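**Q** PDB, C-alpha atoms, file my_file_38.pdb:
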```
ATOM      1  CA  MET M  62     -12.361 -13.345 -21.101
ATOM      2  CA  ALA M  63     -10.527 -10.466 -22.701
ATOM      3  CA  VAL M  64     -10.088  -7.187 -20.854
ATOM      4  CA  SER M  65     -11.835  -4.276 -22.531
ATOM      5  CA  LYS M  66      -9.299  -1.579 -23.431
ATOM      6  CA  ASP M  67     -12.196   0.819 -24.001
ATOM      7  CA  TYR M  68     -12.106   1.446 -20.252
ATOM      8  CA  ALA M  69      -8.802   3.388 -20.415
ATOM      9  CA  GLY M  70      -9.461   7.003 -19.453
ATOM     10  CA  ARG M  71     -12.706   6.209 -17.698
ATOM     11  CA  THR M  72     -13.405   7.946 -14.365
ATOM     12  CA  PHE M  73     -15.746   6.146 -11.999
ATOM     13  CA  PRO M  74     -18.138   7.828  -9.574
ATOM     14  CA  ALA M  75     -16.673   8.842  -6.209
ATOM     15  CA  THR M  76     -17.345   6.399  -3.382
ATOM     16  CA  GLU M  77     -19.878   7.104  -0.675
ATOM     17  CA  PRO M  78     -18.355   9.159   2.181
ATOM     18  CA  TYR M  79     -16.140   7.028   4.455
ATOM     19  CA  GLU M  80     -15.597   8.091   8.061
ATOM     20  CA  VAL M  81     -12.101   7.302   9.318
ATOM     21  CA  SER M  82     -12.439   6.000  12.882
ATOM     22  CA  ARG M  83      -9.959   5.467  15.701
ATOM     23  CA  VAL M  84     -11.092   1.850  15.988
ATOM     24  CA  LYS M  85     -10.444   1.128  12.305
ATOM     25  CA  ILE M  86      -7.039   2.816  12.406
ATOM     26  CA  ALA M  87      -6.071   0.749  15.479
ATOM     27  CA  GLU M  88      -7.330  -2.441  13.815
ATOM     28  CA  PHE M  89      -5.286  -1.676  10.703
ATOM     29  CA  ALA M  90      -2.157  -0.867  12.747
ATOM     30  CA  ASP M  91      -2.595  -4.171  14.630
ATOM     31  CA  ALA M  92      -2.986  -6.072  11.356
ATOM     32  CA  ILE M  93       0.265  -4.683   9.954
ATOM     33  CA  GLY M  94       1.981  -5.241  13.323
ATOM     34  CA  ASP M  95       2.974  -1.600  13.836
ATOM     35  CA  PRO M  96       2.903  -0.627  17.540
ATOM     36  CA  ASN M  97       3.365   3.146  16.993
ATOM     37  CA  PRO M  98       1.241   4.977  19.629
ATOM     38  CA  VAL M  99       0.199   7.800  17.247
ATOM     39  CA  TYR M 100      -2.072   5.212  15.565
ATOM     40  CA  ARG M 101      -3.854   4.383  18.856
ATOM     41  CA  ASP M 102      -3.418   6.999  21.527
ATOM     42  CA  ARG M 103      -4.976  10.434  21.076
ATOM     43  CA  ASP M 104      -2.581  11.963  23.609
ATOM     44  CA  ALA M 105       0.437  10.607  21.734
ATOM     45  CA  ALA M 106      -0.998  11.980  18.494
ATOM     46  CA  THR M 107      -1.691  15.437  19.913
ATOM     47  CA  ALA M 108       1.791  15.481  21.476
ATOM     48  CA  ALA M 109       3.106  14.874  17.950
ATOM     49  CA  GLY M 110       1.095  17.827  16.670
ATOM     50  CA  TYR M 111      -2.011  16.119  15.254
ATOM     51  CA  PRO M 112      -5.632  16.863  16.167
ATOM     52  CA  ASP M 113      -6.415  13.143  16.613
ATOM     53  CA  VAL M 114      -4.847   9.729  15.950
ATOM     54  CA  ILE M 115      -3.402   9.491  12.449
ATOM     55  CA  ALA M 116      -3.500   6.528  10.096
ATOM     56  CA  PRO M 117      -0.441   4.599   8.832
ATOM     57  CA  PRO M 118       0.844   5.656   5.381
ATOM     58  CA  THR M 119      -0.721   2.649   3.629
ATOM     59  CA  PHE M 120      -4.124   3.030   5.342
ATOM     60  CA  PRO M 121      -5.607   5.035   2.430
ATOM     61  CA  ILE M 122      -5.716   1.759   0.473
ATOM     62  CA  VAL M 123      -8.792   0.874   2.587
ATOM     63  CA  VAL M 124     -10.590   3.762   0.917
ATOM     64  CA  THR M 125      -8.937   3.676  -2.505
ATOM     65  CA  MET M 126      -9.488  -0.070  -3.024
ATOM     66  CA  ALA M 127     -13.220   0.441  -2.615
ATOM     67  CA  ALA M 128     -13.007   2.929  -5.474
ATOM     68  CA  SER M 129     -10.673   0.973  -7.763
ATOM     69  CA  GLY M 130     -12.624  -2.176  -6.803
ATOM     70  CA  GLN M 131     -15.660  -0.626  -8.475
ATOM     71  CA  ALA M 132     -13.645  -0.478 -11.674
ATOM     72  CA  ILE M 133     -12.220  -3.999 -11.306
ATOM     73  CA  ALA M 134     -15.654  -5.441 -10.553
ATOM     74  CA  ASP M 135     -17.265  -3.778 -13.585
ATOM     75  CA  PRO M 136     -18.357  -6.779 -15.690
ATOM     76  CA  GLY M 137     -17.741  -4.771 -18.848
ATOM     77  CA  LEU M 138     -14.029  -4.521 -17.984
ATOM     78  CA  GLY M 139     -13.677  -8.324 -17.864
ATOM     79  CA  ILE M 140     -11.048  -8.742 -15.109
ATOM     80  CA  ASN M 141     -10.723 -12.094 -13.278
ATOM     81  CA  TYR M 142      -9.773 -10.951  -9.778
ATOM     82  CA  ALA M 143      -8.191 -14.304  -8.769
ATOM     83  CA  LEU M 144      -5.635 -13.736 -11.541
ATOM     84  CA  VAL M 145      -4.851 -10.169 -10.458
ATOM     85  CA  VAL M 146      -1.595  -9.319  -8.700
ATOM     86  CA  HIS M 147      -0.526  -5.912  -7.511
ATOM     87  CA  GLY M 148       2.365  -4.649  -9.651
ATOM     88  CA  GLU M 149       3.133  -1.237  -8.222
ATOM     89  CA  GLN M 150       1.673   1.159  -5.694
ATOM     90  CA  ARG M 151       2.453   4.788  -4.986
ATOM     91  CA  PHE M 152       0.953   7.416  -2.715
ATOM     92  CA  SER M 153       1.391  11.162  -2.766
ATOM     93  CA  TYR M 154       0.332  12.763   0.530
ATOM     94  CA  ALA M 155      -0.829  16.277   1.366
ATOM     95  CA  ARG M 156      -1.204  15.084   4.976
ATOM     96  CA  PRO M 157      -1.897  11.829   6.853
ATOM     97  CA  LEU M 158      -5.486  10.619   7.131
ATOM     98  CA  ARG M 159      -6.748  10.950  10.698
ATOM     99  CA  ALA M 160      -9.664   9.892  12.859
ATOM    100  CA  GLY M 161     -12.701  12.014  12.141
ATOM    101  CA  ASP M 162     -11.898  12.571   8.464
ATOM    102  CA  VAL M 163     -14.863  11.913   6.193
ATOM    103  CA  VAL M 164     -13.500  11.188   2.744
ATOM    104  CA  THR M 165     -14.452   9.974  -0.703
ATOM    105  CA  ALA M 166     -12.249   8.243  -3.250
ATOM    106  CA  GLN M 167     -12.575   8.590  -6.987
ATOM    107  CA  SER M 168     -10.733   6.329  -9.434
ATOM    108  CA  THR M 169      -9.702   6.825 -13.006
ATOM    109  CA  ILE M 170      -8.337   3.999 -15.138
ATOM    110  CA  GLU M 171      -5.320   5.700 -16.695
ATOM    111  CA  THR M 172      -3.948   2.967 -18.973
ATOM    112  CA  ILE M 173      -4.686  -0.628 -20.018
ATOM    113  CA  LYS M 174      -1.848  -2.390 -21.841
ATOM    114  CA  THR M 175      -0.938  -5.889 -22.914
ATOM    115  CA  LEU M 176       2.537  -7.038 -21.869
ATOM    116  CA  GLY M 177       3.234 -10.510 -23.231
ATOM    117  CA  ARG M 178       0.264 -12.550 -21.987
ATOM    118  CA  ASN M 179      -0.415 -10.213 -19.065
ATOM    119  CA  VAL M 180      -2.820  -7.296 -18.975
ATOM    120  CA  VAL M 181      -1.446  -4.290 -17.091
ATOM    121  CA  MET M 182      -3.821  -1.622 -15.815
ATOM    122  CA  THR M 183      -2.921   1.616 -14.015
ATOM    123  CA  THR M 184      -5.357   3.573 -11.886
ATOM    124  CA  ARG M 185      -5.225   6.935 -10.127
ATOM    125  CA  THR M 186      -7.461   7.463  -7.117
ATOM    126  CA  GLU M 187      -8.014  10.840  -5.467
ATOM    127  CA  VAL M 188      -8.879  10.915  -1.756
ATOM    128  CA  ARG M 189     -10.626  14.106  -0.641
ATOM    129  CA  THR M 190     -12.566  15.129   2.433
ATOM    130  CA  VAL M 191     -16.247  15.823   1.853
ATOM    131  CA  ALA M 192     -15.311  19.494   2.386
ATOM    132  CA  GLY M 193     -13.120  19.207  -0.720
ATOM    133  CA  GLU M 194      -9.656  19.058   0.892
ATOM    134  CA  GLN M 195      -7.215  16.955  -1.102
ATOM    135  CA  VAL M 196      -5.614  14.415   1.314
ATOM    136  CA  CYS M 197      -3.735  12.005  -0.913
ATOM    137  CA  THR M 198      -3.541  10.445  -4.354
ATOM    138  CA  ALA M 199      -2.992   6.714  -4.869
ATOM    139  CA  TYR M 200      -1.522   5.268  -8.060
ATOM    140  CA  SER M 201      -1.910   1.504  -8.586
ATOM    141  CA  THR M 202      -0.624  -0.884 -11.223
ATOM    142  CA  LEU M 203      -2.615  -4.113 -11.380
ATOM    143  CA  VAL M 204      -1.557  -7.109 -13.459
ATOM    144  CA  GLU M 205      -3.945  -9.787 -14.654
ATOM    145  CA  ARG M 206      -1.679 -12.752 -15.322
ATOM    146  CA  GLY M 207      -1.744 -14.830 -18.462
ATOM    147  CA  THR M 208      -5.057 -13.879 -20.039
ATOM    148  CA  ALA M 209      -3.990 -11.674 -22.944
ATOM    149  CA  GLY M 210      -4.804 -13.205 -26.291
ATOM    150  CA  GLU M 211      -7.786 -15.200 -24.981
ATOM    151  CA  ALA M 212     -11.109 -14.865 -26.757
ATOM    152  CA  GLU M 213      -9.989 -11.939 -28.871
TER
ATOM    153  CA  MET T 124      14.431  11.718  15.999
ATOM    154  CA  VAL T 125      16.609  11.949  12.874
ATOM    155  CA  LYS T 126      17.413  15.495  11.777
ATOM    156  CA  TYR T 127      17.771  16.737   8.212
ATOM    157  CA  ALA T 128      21.172  18.219   8.981
ATOM    158  CA  ASP T 129      22.427  14.857  10.232
ATOM    159  CA  VAL T 130      21.767  12.769   7.108
ATOM    160  CA  GLU T 131      23.888  12.548   3.972
ATOM    161  CA  ALA T 132      23.156  11.084   0.547
ATOM    162  CA  GLY T 133      24.480   7.522   0.411
ATOM    163  CA  GLY T 134      24.003   6.947   4.120
ATOM    164  CA  GLU T 135      22.433   3.642   5.081
ATOM    165  CA  LEU T 136      19.506   3.068   7.415
ATOM    166  CA  PRO T 137      19.854   0.188   9.888
ATOM    167  CA  PRO T 138      18.291  -2.969   8.366
ATOM    168  CA  ALA T 139      15.181  -4.437   9.979
ATOM    169  CA  SER T 140      13.252  -7.698   9.733
ATOM    170  CA  TYR T 141       9.496  -8.157  10.131
ATOM    171  CA  PRO T 142       7.760 -11.534  10.629
ATOM    172  CA  VAL T 143       4.659 -12.624   8.724
ATOM    173  CA  ALA T 144       2.497 -15.697   9.349
ATOM    174  CA  ARG T 145      -0.909 -16.776   8.035
ATOM    175  CA  LEU T 146      -2.655 -15.078  10.951
ATOM    176  CA  ASN T 147      -1.205 -11.734   9.854
ATOM    177  CA  LEU T 148      -2.724 -12.196   6.408
ATOM    178  CA  VAL T 149      -6.126 -13.123   7.840
ATOM    179  CA  LYS T 150      -6.052 -10.025  10.033
ATOM    180  CA  TYR T 151      -4.925  -7.913   7.104
ATOM    181  CA  CYS T 152      -7.800  -9.246   4.961
ATOM    182  CA  GLY T 153     -10.252  -8.046   7.591
ATOM    183  CA  ALA T 154      -8.546  -4.725   8.313
ATOM    184  CA  SER T 155      -8.057  -3.776   4.663
ATOM    185  CA  GLY T 156     -11.167  -5.335   3.159
ATOM    186  CA  ASP T 157      -9.039  -7.183   0.571
ATOM    187  CA  PHE T 158     -10.317 -10.777   0.734
ATOM    188  CA  ASN T 159      -8.702 -11.941  -2.517
ATOM    189  CA  VAL T 160      -8.593 -15.755  -2.067
ATOM    190  CA  ILE T 161      -4.882 -15.956  -3.002
ATOM    191  CA  HIS T 162      -4.151 -14.432   0.427
ATOM    192  CA  TRP T 163      -5.853 -17.155   2.469
ATOM    193  CA  ASN T 164      -6.707 -20.204   0.328
ATOM    194  CA  GLU T 165      -3.764 -22.318  -0.874
ATOM    195  CA  ARG T 166      -5.973 -24.554  -3.023
ATOM    196  CA  ILE T 167      -7.032 -21.623  -5.159
ATOM    197  CA  ALA T 168      -3.610 -19.926  -4.947
ATOM    198  CA  ARG T 169      -2.039 -23.075  -6.461
ATOM    199  CA  ALA T 170      -4.833 -23.459  -8.993
ATOM    200  CA  VAL T 171      -3.996 -20.022 -10.380
ATOM    201  CA  GLY T 172      -0.276 -20.860 -10.598
ATOM    202  CA  LEU T 173       1.144 -19.460  -7.361
ATOM    203  CA  PRO T 174       3.513 -21.563  -5.200
ATOM    204  CA  ASP T 175       1.279 -21.135  -2.095
ATOM    205  CA  VAL T 176      -0.687 -18.417  -0.326
ATOM    206  CA  ILE T 177       1.026 -15.058  -0.794
ATOM    207  CA  ALA T 178       0.982 -11.935   1.358
ATOM    208  CA  HIS T 179      -0.933  -8.900   0.163
ATOM    209  CA  GLY T 180       1.490  -6.594  -1.609
ATOM    210  CA  MET T 181       0.057  -3.858   0.588
ATOM    211  CA  PHE T 182       1.024  -5.832   3.723
ATOM    212  CA  THR T 183       4.629  -5.861   2.517
ATOM    213  CA  MET T 184       4.395  -2.180   1.600
ATOM    214  CA  ALA T 185       3.133  -1.461   5.124
ATOM    215  CA  GLN T 186       6.269  -3.097   6.573
ATOM    216  CA  ALA T 187       8.449  -0.896   4.357
ATOM    217  CA  ALA T 188       6.444   2.155   5.461
ATOM    218  CA  ARG T 189       6.971   1.244   9.091
ATOM    219  CA  TYR T 190      10.681   0.858   8.423
ATOM    220  CA  VAL T 191      10.846   4.452   7.196
ATOM    221  CA  THR T 192       8.500   5.981   9.797
ATOM    222  CA  ASP T 193      10.314   4.234  12.682
ATOM    223  CA  TRP T 194      13.517   5.764  11.368
ATOM    224  CA  ALA T 195      12.099   9.225  10.649
ATOM    225  CA  GLY T 196      10.183   9.340  13.950
ATOM    226  CA  ASP T 197       6.983  10.970  12.647
ATOM    227  CA  PRO T 198       4.635   8.747  10.594
ATOM    228  CA  GLY T 199       2.876  11.858   9.304
ATOM    229  CA  ALA T 200       6.082  13.200   7.764
ATOM    230  CA  MET T 201       5.892  11.042   4.640
ATOM    231  CA  THR T 202       5.058  13.005   1.485
ATOM    232  CA  GLU T 203       5.620  10.322  -1.184
ATOM    233  CA  PHE T 204       5.840   6.559  -1.036
ATOM    234  CA  GLY T 205       6.012   4.166  -3.970
ATOM    235  CA  VAL T 206       6.967   0.517  -4.388
ATOM    236  CA  ARG T 207       7.203  -2.111  -7.088
ATOM    237  CA  PHE T 208       6.129  -5.624  -6.071
ATOM    238  CA  SER T 209       8.830  -7.683  -7.813
ATOM    239  CA  ALA T 210       8.131 -11.112  -6.262
ATOM    240  CA  PRO T 211       5.447 -12.452  -3.928
ATOM    241  CA  VAL T 212       6.049 -13.060  -0.213
ATOM    242  CA  VAL T 213       5.126 -16.744   0.046
ATOM    243  CA  VAL T 214       3.526 -17.613   3.396
ATOM    244  CA  PRO T 215       3.196 -21.370   4.029
ATOM    245  CA  ASP T 216       0.726 -22.964   6.450
ATOM    246  CA  ASP T 217       3.140 -23.927   9.219
ATOM    247  CA  ASP T 218       3.817 -22.980  12.832
ATOM    248  CA  GLY T 219       6.583 -20.554  12.009
ATOM    249  CA  PHE T 220       6.761 -17.325  10.081
ATOM    250  CA  VAL T 221       8.603 -15.913   7.124
ATOM    251  CA  SER T 222      10.646 -12.729   7.363
ATOM    252  CA  ILE T 223      10.479  -9.568   5.325
ATOM    253  CA  GLU T 224      13.908  -7.923   5.504
ATOM    254  CA  VAL T 225      14.042  -4.243   4.663
ATOM    255  CA  THR T 226      17.076  -2.087   3.892
ATOM    256  CA  GLY T 227      17.249   1.576   2.973
ATOM    257  CA  THR T 228      19.730   4.118   1.648
ATOM    258  CA  ILE T 229      19.495   7.906   1.580
ATOM    259  CA  GLU T 230      19.080   8.548  -2.120
ATOM    260  CA  GLU T 231      19.153  12.343  -2.049
ATOM    261  CA  LYS T 232      18.468  15.378   0.070
ATOM    262  CA  LEU T 233      15.697  17.531  -1.382
ATOM    263  CA  ASP T 234      14.521  21.063  -0.659
ATOM    264  CA  ASP T 235      12.110  21.903   2.168
ATOM    265  CA  ASN T 236      13.907  19.488   4.563
ATOM    266  CA  ARG T 237      12.763  16.486   2.547
ATOM    267  CA  VAL T 238      14.864  13.339   2.127
ATOM    268  CA  ALA T 239      14.387  10.552  -0.428
ATOM    269  CA  VAL T 240      15.055   7.032   0.840
ATOM    270  CA  ALA T 241      15.589   4.138  -1.594
ATOM    271  CA  LEU T 242      14.198   0.880  -0.177
ATOM    272  CA  THR T 243      14.614  -2.818  -0.838
ATOM    273  CA  ALA T 244      12.738  -5.690   0.775
ATOM    274  CA  ARG T 245      13.660  -9.386   0.588
ATOM    275  CA  SER T 246      11.844 -12.528   1.614
ATOM    276  CA  GLY T 247      12.726 -16.186   1.083
ATOM    277  CA  GLY T 248      15.854 -15.156  -0.838
ATOM    278  CA  ALA T 249      13.906 -13.060  -3.372
ATOM    279  CA  LYS T 250      13.690  -9.303  -3.757
ATOM    280  CA  VAL T 251      10.024  -8.623  -3.049
ATOM    281  CA  LEU T 252      10.156  -4.821  -3.334
ATOM    282  CA  THR T 253      12.296  -3.016  -5.881
ATOM    283  CA  ARG T 254      12.370   0.536  -7.283
ATOM    284  CA  SER T 255      10.888   1.587  -3.966
ATOM    285  CA  ARG T 256      11.238   5.106  -2.659
ATOM    286  CA  ALA T 257       9.883   7.147   0.189
ATOM    287  CA  VAL T 258      10.162  10.887   0.684
ATOM    288  CA  VAL T 259       9.976  12.163   4.268
ATOM    289  CA  ARG T 260      10.237  15.627   5.753
ATOM    290  CA  LEU T 261      12.691  15.733   8.644
ATOM    291  CA  PRO T 262      12.974  18.345  11.402
TER
END
```
Represent the structure of the file as structure tokens.
**A**
Amino acid sequence: MAVSKDYAGRTFPATEPYEVSRVKIAEFADAIGDPNPVYRDRDAATAAGYPDVIAPPTFPIVVTMAASGQAIADPGLGINYALVVHGEQRFSYARPLRAGDVVTAQSTIETIKTLGRNVVMTTRTEVRTVAGEQVCTAYSTLVERGTAGEAE
Amino acid sequence: MVKYADVEAGGELPPASYPVARLNLVKYCGASGDFNVIHWNERIARAVGLPDVIAHGMFTMAQAARYVTDWAGDPGAMTEFGVRFSAPVVVPDDDGFVSIEVTGTIEEKLDDNRVAVALTARSGGAKVLTRSRAVVRLP
């Protein structure tokens, strides 16, 4: 199925509010194998100057993927997720996410291009607290391998 | 803790190596919510043209982040972090693990006590992260 280039420029609705919890941060830190105490121990985090445990730098993907996943799962876009690989990822941080934050993520598909037989899509996802504080912005490049030219 | 005054452009960070096995990918699926089958099912991974199950790009990126935050001392000090996934980290179903080897060089010193670090990660003889850069604020 061909990917619909009409989706370039489209902004999707913000996700439902997501509450960042200590348990989820610790689970994520365990999964990536990072033993840093500021991800687990409130005292270590406050000693480092934070109000509560903070999340690892790549943790925002938990929130931003839910937003960009909305776009990828849109049947009108026509992406086959099993063929998708992650090309590039970038974050710009105002501050680290921390336990107690309640945030939403809102994705925009910035570009959709054909590169050889691959389809390359870039997204920008804004992570904000429900109070409106900008926390970070995630930029993703996703590549759907080998489908360009099909059924067009 | 590394201090801004103590680093110079061109300086190298000590290399580090991080292990990854299938269990790590299963845990990462659950922790991240990314259950793409190519990260846990070799039958489907091969059917879509991959050599075997591959690690999530974000798992590899997390190792590179840890490399920088362990060096900088404060994980909250990162202001920018970007990577390009240039080759997959292939994770076979065996009793061992594969290694992700990360190296870094001070690319430039910026204003406001910020430092840009250029990063490279290798696994199985391939460069798995290229054009990768983190900016951290040092004391």
**Q** I need the residue set behind the PyMOL selection byres ((chain T) within 6 of (chain M)) for this file; please write it as a ChimeraX atom specification.
**A** /T:150-151,154-155,185,199,202-208
**Q** If we count all atoms listed in the file, what is near Thr175 in chain M at a cut-off of 12 Å, once residues fewer than 2 positions away on the same chain are taken out, given as a list of chain:residue names?
**A**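 These residues fall inside the cut-off: M:Ala63, M:Val64, M:Ser65, M:Lys66, M:Thr172, M:Ile173, M:Gly177, M:Arg178, M:Asn179, M:Val180, M:Val181, M:Met182, M:Thr183, M:Leu203, M:Val204, M:Glu205, M:Arg206, M:Gly207, M:Thr208, M:Ala209, M:Gly210, M:Glu211.
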**Q** Mind checking which residues fall within 6 Å of range 245-253 of chain T, counting only C-alpha atoms, ignoring those fewer than 2 positions away in the same chain, and posting them as a list in words?
**A**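 The filter keeps Arg207, Phe208, Ser209, Ala210, Ser222, Ile223, Glu224, Thr243 and Ser255 of chain T.
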**Q** Tell me, as a ChimeraX atom specification, which residues lie within 8 Å of Ser168 in chain M, counting all atoms listed in the file; anything in the same chain fewer than 6 positions away does not count.
**A** /M:72-75,125,128-129,132,184-187
**Q** Distance CA of Glu230 in chain T-CA of Val196 in chain M, one decimal place?
**A**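 Distance reported for this atom pair: 25.6 Å.
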**Q** Using all atoms listed in the file, which residue out of T:Val176, T:Leu261, T:Ile167, T:Ala139 lies closest to Val125 in chain T?
**A**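 Result for the nearest residue to Val125 in chain T: T:Leu261.
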**Q** Evaluate the PyMOL selection byres ((chain T and resi 130-132) around 10) on the structure here and hand back the selected residues as number ranges by chain.
**A** T: 125-129, 133-136, 228-232, 238-240, 261
**Q** For a quick check of understanding, using only C-alpha atoms, which of T:Arg145, T:Arg254, T:Gly196, T:Tyr190 has the smallest distance to Ile177 in chain T?
**A**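 For Ile177 in chain T, the nearest of the given residues is T:Arg145.
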**Q** Just the number, please: distance in Å from CA of Ala168 in chain T to CA of Pro211 in chain T, one decimal.
**A** 11.8 Å
**Q** Distance CA of Gly219 in chain T-CA of Ala144 in chain T, one decimal place?
**A**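 Computing the Euclidean distance for CA of Gly219 in chain T and CA of Ala144 in chain T yields 6.9 Å.
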**Q** Which of these residues is nearest to Asp102 in chain M, using all atoms listed in the file: M:Asn141, M:Ala160, M:Asp67, M:Thr76?
**A**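 Under the stated criterion, the closest residue is M:Ala160.
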**Q** Contacts of Glu77 in chain M at 9 Å or less, counting all atoms listed in the file, minus same-chain residues fewer than 3 places along, as an NGL selection string?
**A** :M and (164-166)
**Q** Starting from the incomplete input, reconstruct N, CA and C atoms of range 196-208 of chain T and report them as a PDB file, in the coordinates of the input.
**A**
```
ATOM      1  N   GLY T 196      10.736   8.928  12.661  1.00  0.00           N
ATOM      2  CA  GLY T 196      10.183   9.340  13.950  1.00  0.00           C
ATOM      3  C   GLY T 196       8.757   9.857  13.893  1.00  0.00           C
ATOM      4  N   ASP T 197       8.346  10.421  12.754  1.00  0.00           N
ATOM      5  CA  ASP T 197       6.983  10.970  12.647  1.00  0.00           C
ATOM      6  C   ASP T 197       6.283  10.333  11.452  1.00  0.00           C
ATOM      7  N   PRO T 198       5.302   9.441  11.709  1.00  0.00           N
ATOM      8  CA  PRO T 198       4.635   8.747  10.594  1.00  0.00           C
ATOM      9  C   PRO T 198       3.880   9.699   9.664  1.00  0.00           C
ATOM     10  N   GLY T 199       3.592  10.909  10.153  1.00  0.00           N
ATOM     11  CA  GLY T 199       2.876  11.858   9.304  1.00  0.00           C
ATOM     12  C   GLY T 199       3.788  12.669   8.411  1.00  0.00           C
ATOM     13  N   ALA T 200       5.104  12.384   8.495  1.00  0.00           N
ATOM     14  CA  ALA T 200       6.082  13.200   7.764  1.00  0.00           C
ATOM     15  C   ALA T 200       6.344  12.694   6.345  1.00  0.00           C
ATOM     16  N   MET T 201       5.657  11.615   5.963  1.00  0.00           N
ATOM     17  CA  MET T 201       5.892  11.042   4.640  1.00  0.00           C
ATOM     18  C   MET T 201       5.093  11.831   3.594  1.00  0.00           C
ATOM     19  N   THR T 202       5.763  12.250   2.536  1.00  0.00           N
ATOM     20  CA  THR T 202       5.058  13.005   1.485  1.00  0.00           C
ATOM     21  C   THR T 202       4.866  12.184   0.210  1.00  0.00           C
ATOM     22  N   GLU T 203       5.731  11.198  -0.007  1.00  0.00           N
ATOM     23  CA  GLU T 203       5.620  10.322  -1.184  1.00  0.00           C
ATOM     24  C   GLU T 203       6.055   8.931  -0.759  1.00  0.00           C
ATOM     25  N   PHE T 204       5.403   7.927  -1.323  1.00  0.00           N
ATOM     26  CA  PHE T 204       5.840   6.559  -1.036  1.00  0.00           C
ATOM     27  C   PHE T 204       5.387   5.657  -2.179  1.00  0.00           C
ATOM     28  N   GLY T 205       6.351   5.041  -2.851  1.00  0.00           N
ATOM     29  CA  GLY T 205       6.012   4.166  -3.970  1.00  0.00           C
ATOM     30  C   GLY T 205       6.845   2.903  -3.952  1.00  0.00           C
ATOM     31  N   VAL T 206       6.238   1.792  -4.338  1.00  0.00           N
ATOM     32  CA  VAL T 206       6.967   0.517  -4.388  1.00  0.00           C
ATOM     33  C   VAL T 206       6.585  -0.251  -5.659  1.00  0.00           C
ATOM     34  N   ARG T 207       7.503  -1.148  -6.038  1.00  0.00           N
ATOM     35  CA  ARG T 207       7.203  -2.111  -7.088  1.00  0.00           C
ATOM     36  C   ARG T 207       7.269  -3.493  -6.455  1.00  0.00           C
ATOM     37  N   PHE T 208       6.193  -4.277  -6.645  1.00  0.00           N
ATOM     38  CA  PHE T 208       6.129  -5.624  -6.071  1.00  0.00           C
ATOM     39  C   PHE T 208       6.786  -6.590  -7.066  1.00  0.00           C
TER      40      PHE T 208
END
```
